[in-house]
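Novice: My questions all concern the structure below.
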Amino acid sequence: KGAANAKKPVLAIFHQSFVSGCYVGFGGLLSLSIAGNLGAAASAAPGVQKMVFAALFPVNLLLILNSGGQLFTGNAATVPMAVLEGKATMSELVKSWTISILGNILGCFTFASAAQYAGLLVAGAK
């Protein structure tokens, strides 16, 4: 996996990382929207709110796995192993890390900006 990620073209890494960043933003928004609007249920049993958040946030990871996306954290674990095994070079590692972190950050920022523009980040349910 690490060698395959390291050998991908820059545009492919960026696209997969950007979309994955959007998915992370989506998972956060989904979790906060539902867990944050539990109202009286959250006041009566604070553990329920935490459980709902914890159950919903991993949705982003399922989306990333199913779409073949790339997160910087995954690249930080797999690409160095490919370098140590001689299946990738240090320049490919730097390329993979740099593009994936930029793609993840820009994807998250773009999703957050779109959610803000659409009015999804207002307090309370309407």
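Residues in the structure tokens are numbered from 1 in each chain, the chains being A, B, ... in the order shown, and ligands are numbered from 1 in the order shown.
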May I have all residues of segment 23-58 of chain A that DSSP, computed from the backbone, assigns to alpha helix (DSSP H), given as a PyMOL selection string?
Specialist: chain A and resi 23-35+40-44+46-56
Novice: How about saving the chosen residues, N, CA and C atoms kept, as an mmCIF file, in the first residue's frame?
Specialist:
data_model
loop_
_atom_site.group_PDB
_atom_site.id
_atom_site.type_symbol
_atom_site.label_atom_id
_atom_site.label_comp_id
_atom_site.auth_asym_id
_atom_site.auth_seq_id
_atom_site.Cartn_x
_atom_site.Cartn_y
_atom_site.Cartn_z
ATOM 1 N N TYR A 23 -14.460 14.453 3.278
ATOM 2 C CA TYR A 23 -15.154 13.417 4.036
ATOM 3 C C TYR A 23 -14.957 13.595 5.541
ATOM 4 N N VAL A 24 -13.756 13.979 5.959
ATOM 5 C CA VAL A 24 -13.508 14.222 7.383
ATOM 6 C C VAL A 24 -14.386 15.379 7.866
ATOM 7 N N GLY A 25 -14.474 16.425 7.064
ATOM 8 C CA GLY A 25 -15.355 17.542 7.415
ATOM 9 C C GLY A 25 -16.808 17.112 7.485
ATOM 10 N N PHE A 26 -17.229 16.267 6.555
ATOM 11 C CA PHE A 26 -18.604 15.765 6.549
ATOM 12 C C PHE A 26 -18.894 14.959 7.809
ATOM 13 N N GLY A 27 -17.968 14.085 8.188
ATOM 14 C CA GLY A 27 -18.152 13.278 9.405
ATOM 15 C C GLY A 27 -18.244 14.146 10.645
ATOM 16 N N GLY A 28 -17.421 15.184 10.703
ATOM 17 C CA GLY A 28 -17.481 16.106 11.840
ATOM 18 C C GLY A 28 -18.790 16.869 11.883
ATOM 19 N N LEU A 29 -19.228 17.360 10.733
ATOM 20 C CA LEU A 29 -20.492 18.106 10.678
ATOM 21 C C LEU A 29 -21.673 17.201 11.023
ATOM 22 N N LEU A 30 -21.686 15.996 10.500
ATOM 23 C CA LEU A 30 -22.752 15.044 10.810
ATOM 24 C C LEU A 30 -22.808 14.766 12.313
ATOM 25 N N SER A 31 -21.651 14.476 12.899
ATOM 26 C CA SER A 31 -21.595 14.159 14.328
ATOM 27 C C SER A 31 -22.046 15.336 15.183
ATOM 28 N N LEU A 32 -21.528 16.515 14.869
ATOM 29 C CA LEU A 32 -21.888 17.697 15.662
ATOM 30 C C LEU A 32 -23.347 18.076 15.480
ATOM 31 N N SER A 33 -23.851 17.948 14.274
ATOM 32 C CA SER A 33 -25.245 18.323 14.011
ATOM 33 C C SER A 33 -26.224 17.442 14.778
ATOM 34 N N ILE A 34 -25.984 16.160 14.781
ATOM 35 C CA ILE A 34 -26.925 15.247 15.438
ATOM 36 C C ILE A 34 -26.671 15.184 16.944
ATOM 37 N N ALA A 35 -25.425 14.978 17.340
ATOM 38 C CA ALA A 35 -25.134 14.883 18.776
ATOM 39 C C ALA A 35 -25.354 16.222 19.472
ATOM 40 N N ALA A 40 -32.841 17.701 25.362
ATOM 41 C CA ALA A 40 -33.121 17.170 26.703
ATOM 42 C C ALA A 40 -32.491 15.801 26.922
ATOM 43 N N ALA A 41 -32.400 15.011 25.882
ATOM 44 C CA ALA A 41 -31.789 13.685 26.022
ATOM 45 C C ALA A 41 -30.329 13.806 26.442
ATOM 46 N N ALA A 42 -29.631 14.814 25.916
ATOM 47 C CA ALA A 42 -28.228 15.013 26.272
ATOM 48 C C ALA A 42 -28.091 15.524 27.697
ATOM 49 N N SER A 43 -29.058 16.340 28.138
ATOM 50 C CA SER A 43 -29.014 16.855 29.510
ATOM 51 C C SER A 43 -29.303 15.743 30.513
ATOM 52 N N ALA A 44 -30.248 14.889 30.190
ATOM 53 C CA ALA A 44 -30.632 13.811 31.101
ATOM 54 C C ALA A 44 -29.549 12.731 31.196
ATOM 55 N N PRO A 46 -25.725 12.581 29.736
ATOM 56 C CA PRO A 46 -24.621 13.101 28.919
ATOM 57 C C PRO A 46 -23.855 12.020 28.158
ATOM 58 N N GLY A 47 -23.871 10.816 28.653
ATOM 59 C CA GLY A 47 -23.183 9.734 27.969
ATOM 60 C C GLY A 47 -23.801 9.396 26.622
ATOM 61 N N VAL A 48 -25.095 9.639 26.483
ATOM 62 C CA VAL A 48 -25.778 9.362 25.217
ATOM 63 C C VAL A 48 -25.232 10.273 24.119
ATOM 64 N N GLN A 49 -25.029 11.535 24.450
ATOM 65 C CA GLN A 49 -24.500 12.481 23.467
ATOM 66 C C GLN A 49 -23.111 12.053 22.996
ATOM 67 N N LYS A 50 -22.278 11.657 23.922
ATOM 68 C CA LYS A 50 -20.931 11.201 23.561
ATOM 69 C C LYS A 50 -20.974 9.933 22.720
ATOM 70 N N MET A 51 -21.897 9.024 23.066
ATOM 71 C CA MET A 51 -22.006 7.786 22.314
ATOM 72 C C MET A 51 -22.491 8.057 20.884
ATOM 73 N N VAL A 52 -23.466 8.963 20.737
ATOM 74 C CA VAL A 52 -23.981 9.292 19.404
ATOM 75 C C VAL A 52 -22.869 9.922 18.567
ATOM 76 N N PHE A 53 -22.105 10.843 19.159
ATOM 77 C CA PHE A 53 -20.997 11.460 18.433
ATOM 78 C C PHE A 53 -19.982 10.392 18.012
ATOM 79 N N ALA A 54 -19.633 9.531 18.959
ATOM 80 C CA ALA A 54 -18.635 8.490 18.678
ATOM 81 C C ALA A 54 -19.127 7.486 17.632
ATOM 82 N N ALA A 55 -20.427 7.279 17.565
ATOM 83 C CA ALA A 55 -20.971 6.340 16.585
ATOM 84 C C ALA A 55 -21.026 6.951 15.194
ATOM 85 N N LEU A 56 -21.195 8.270 15.103
ATOM 86 C CA LEU A 56 -21.365 8.913 13.801
ATOM 87 C C LEU A 56 -20.058 9.387 13.166
#
Novice: Fewer than 5 positions away in the same chain doesn't count, so skip those; otherwise give me all residues within 8 Å of segment 96-99 of chain A, counting only C-alpha atoms, as a PDB file with N, CA and C atoms, in the first residue's frame.
Specialist:
ATOM      1  N   ASN A   5       1.074   4.091  -2.975  1.00  0.00           N
ATOM      2  CA  ASN A   5       0.759   5.501  -2.713  1.00  0.00           C
ATOM      3  C   ASN A   5       1.925   6.406  -3.101  1.00  0.00           C
ATOM      4  N   ALA A   6       3.120   5.966  -2.830  1.00  0.00           N
ATOM      5  CA  ALA A   6       4.299   6.783  -3.132  1.00  0.00           C
ATOM      6  C   ALA A   6       4.509   6.949  -4.632  1.00  0.00           C
ATOM      7  N   VAL A  10       1.162  13.176  -8.774  1.00  0.00           N
ATOM      8  CA  VAL A  10       0.806  14.246  -7.841  1.00  0.00           C
ATOM      9  C   VAL A  10      -0.689  14.550  -7.897  1.00  0.00           C
ATOM     10  N   ILE A  13      -2.738  11.854  -6.075  1.00  0.00           N
ATOM     11  CA  ILE A  13      -2.602  11.975  -4.621  1.00  0.00           C
ATOM     12  C   ILE A  13      -3.415  13.160  -4.119  1.00  0.00           C
ATOM     13  N   PHE A  14      -3.312  14.283  -4.812  1.00  0.00           N
ATOM     14  CA  PHE A  14      -4.034  15.484  -4.372  1.00  0.00           C
ATOM     15  C   PHE A  14      -5.545  15.260  -4.419  1.00  0.00           C
ATOM     16  N   SER A  17      -6.641  12.930  -1.643  1.00  0.00           N
ATOM     17  CA  SER A  17      -6.471  13.587  -0.350  1.00  0.00           C
ATOM     18  C   SER A  17      -7.498  14.691  -0.147  1.00  0.00           C
ATOM     19  N   PHE A  72      -3.401  11.809   5.403  1.00  0.00           N
ATOM     20  CA  PHE A  72      -1.995  11.978   5.748  1.00  0.00           C
ATOM     21  C   PHE A  72      -1.570  10.951   6.788  1.00  0.00           C
ATOM     22  N   ASN A  75      -0.681   7.753   5.156  1.00  0.00           N
ATOM     23  CA  ASN A  75       0.579   7.888   4.416  1.00  0.00           C
ATOM     24  C   ASN A  75       1.766   7.975   5.367  1.00  0.00           C
ATOM     25  N   ALA A  76       1.564   8.593   6.526  1.00  0.00           N
ATOM     26  CA  ALA A  76       2.649   8.703   7.499  1.00  0.00           C
ATOM     27  C   ALA A  76       3.013   7.337   8.073  1.00  0.00           C
ATOM     28  N   VAL A  79       3.954   4.812   3.926  1.00  0.00           N
ATOM     29  CA  VAL A  79       5.006   5.185   2.968  1.00  0.00           C
ATOM     30  C   VAL A  79       6.412   5.036   3.565  1.00  0.00           C
TER      31      VAL A  79
END
Novice: For each of A:Met90, A:Leu63, A:Ala82, A:Cys22, take the minimum atom-to-atom distance to Ala115 of chain A, counting only C-alpha atoms, then give the residue where this is smallest.
Specialist: A:Cys22
Novice: From the options A:Gly103, A:Gly119, A:Pro9, A:Pro58, which residue's atoms come nearest to Gln70 of chain A, counting only C-alpha atoms?
Specialist: A:Gly103
Novice: In Å, how far is it from atom CA of Ala88 of chain A to atom CA of Val19 of chain A?
Specialist: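 For atom CA of Ala88 of chain A relative to atom CA of Val19 of chain A, the distance reads 24.3 Å.
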Novice: Have a look at A:Gln16, A:Gly86, A:Val94, A:Thr110 and name the one nearest to Ser67 of chain A; count only C-alpha atoms.
Specialist: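 The answer is A:Gln16, which sits nearest to Ser67 of chain A.
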Novice: Identify which of the residues A:Asn37, A:Gln116, A:Asn66, A:Thr89 lies closest to Ser20 of chain A, counting only C-alpha atoms when measuring atom-to-atom distances.
Specialist: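 The shortest atom-to-atom distance to Ser20 of chain A comes from A:Asn66.
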Novice: Quote the spacing between atom CA of Phe18 of chain A and atom CA of Asn104 of chain A in Å to one decimal place.
Specialist: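 Answer for the atom CA of Phe18 of chain A to atom CA of Asn104 of chain A separation: 5.1 Å.
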Novice: Give the answer as one residue: which of A:Leu84, A:Leu93, A:Val122, A:Leu71 has the shortest atom-to-atom distance to Gly107 of chain A, using only C-alpha atoms?
Specialist: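 Among A:Leu84, A:Leu93, A:Val122, A:Leu71, it is A:Leu71 that comes nearest to Gly107 of chain A.
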Novice: Atom CA of Ala77 of chain A to atom CA of Ser113 of chain A: how many Å, to one decimal?
Specialist: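 Separation of atom CA of Ala77 of chain A and atom CA of Ser113 of chain A: 29.3 Å.
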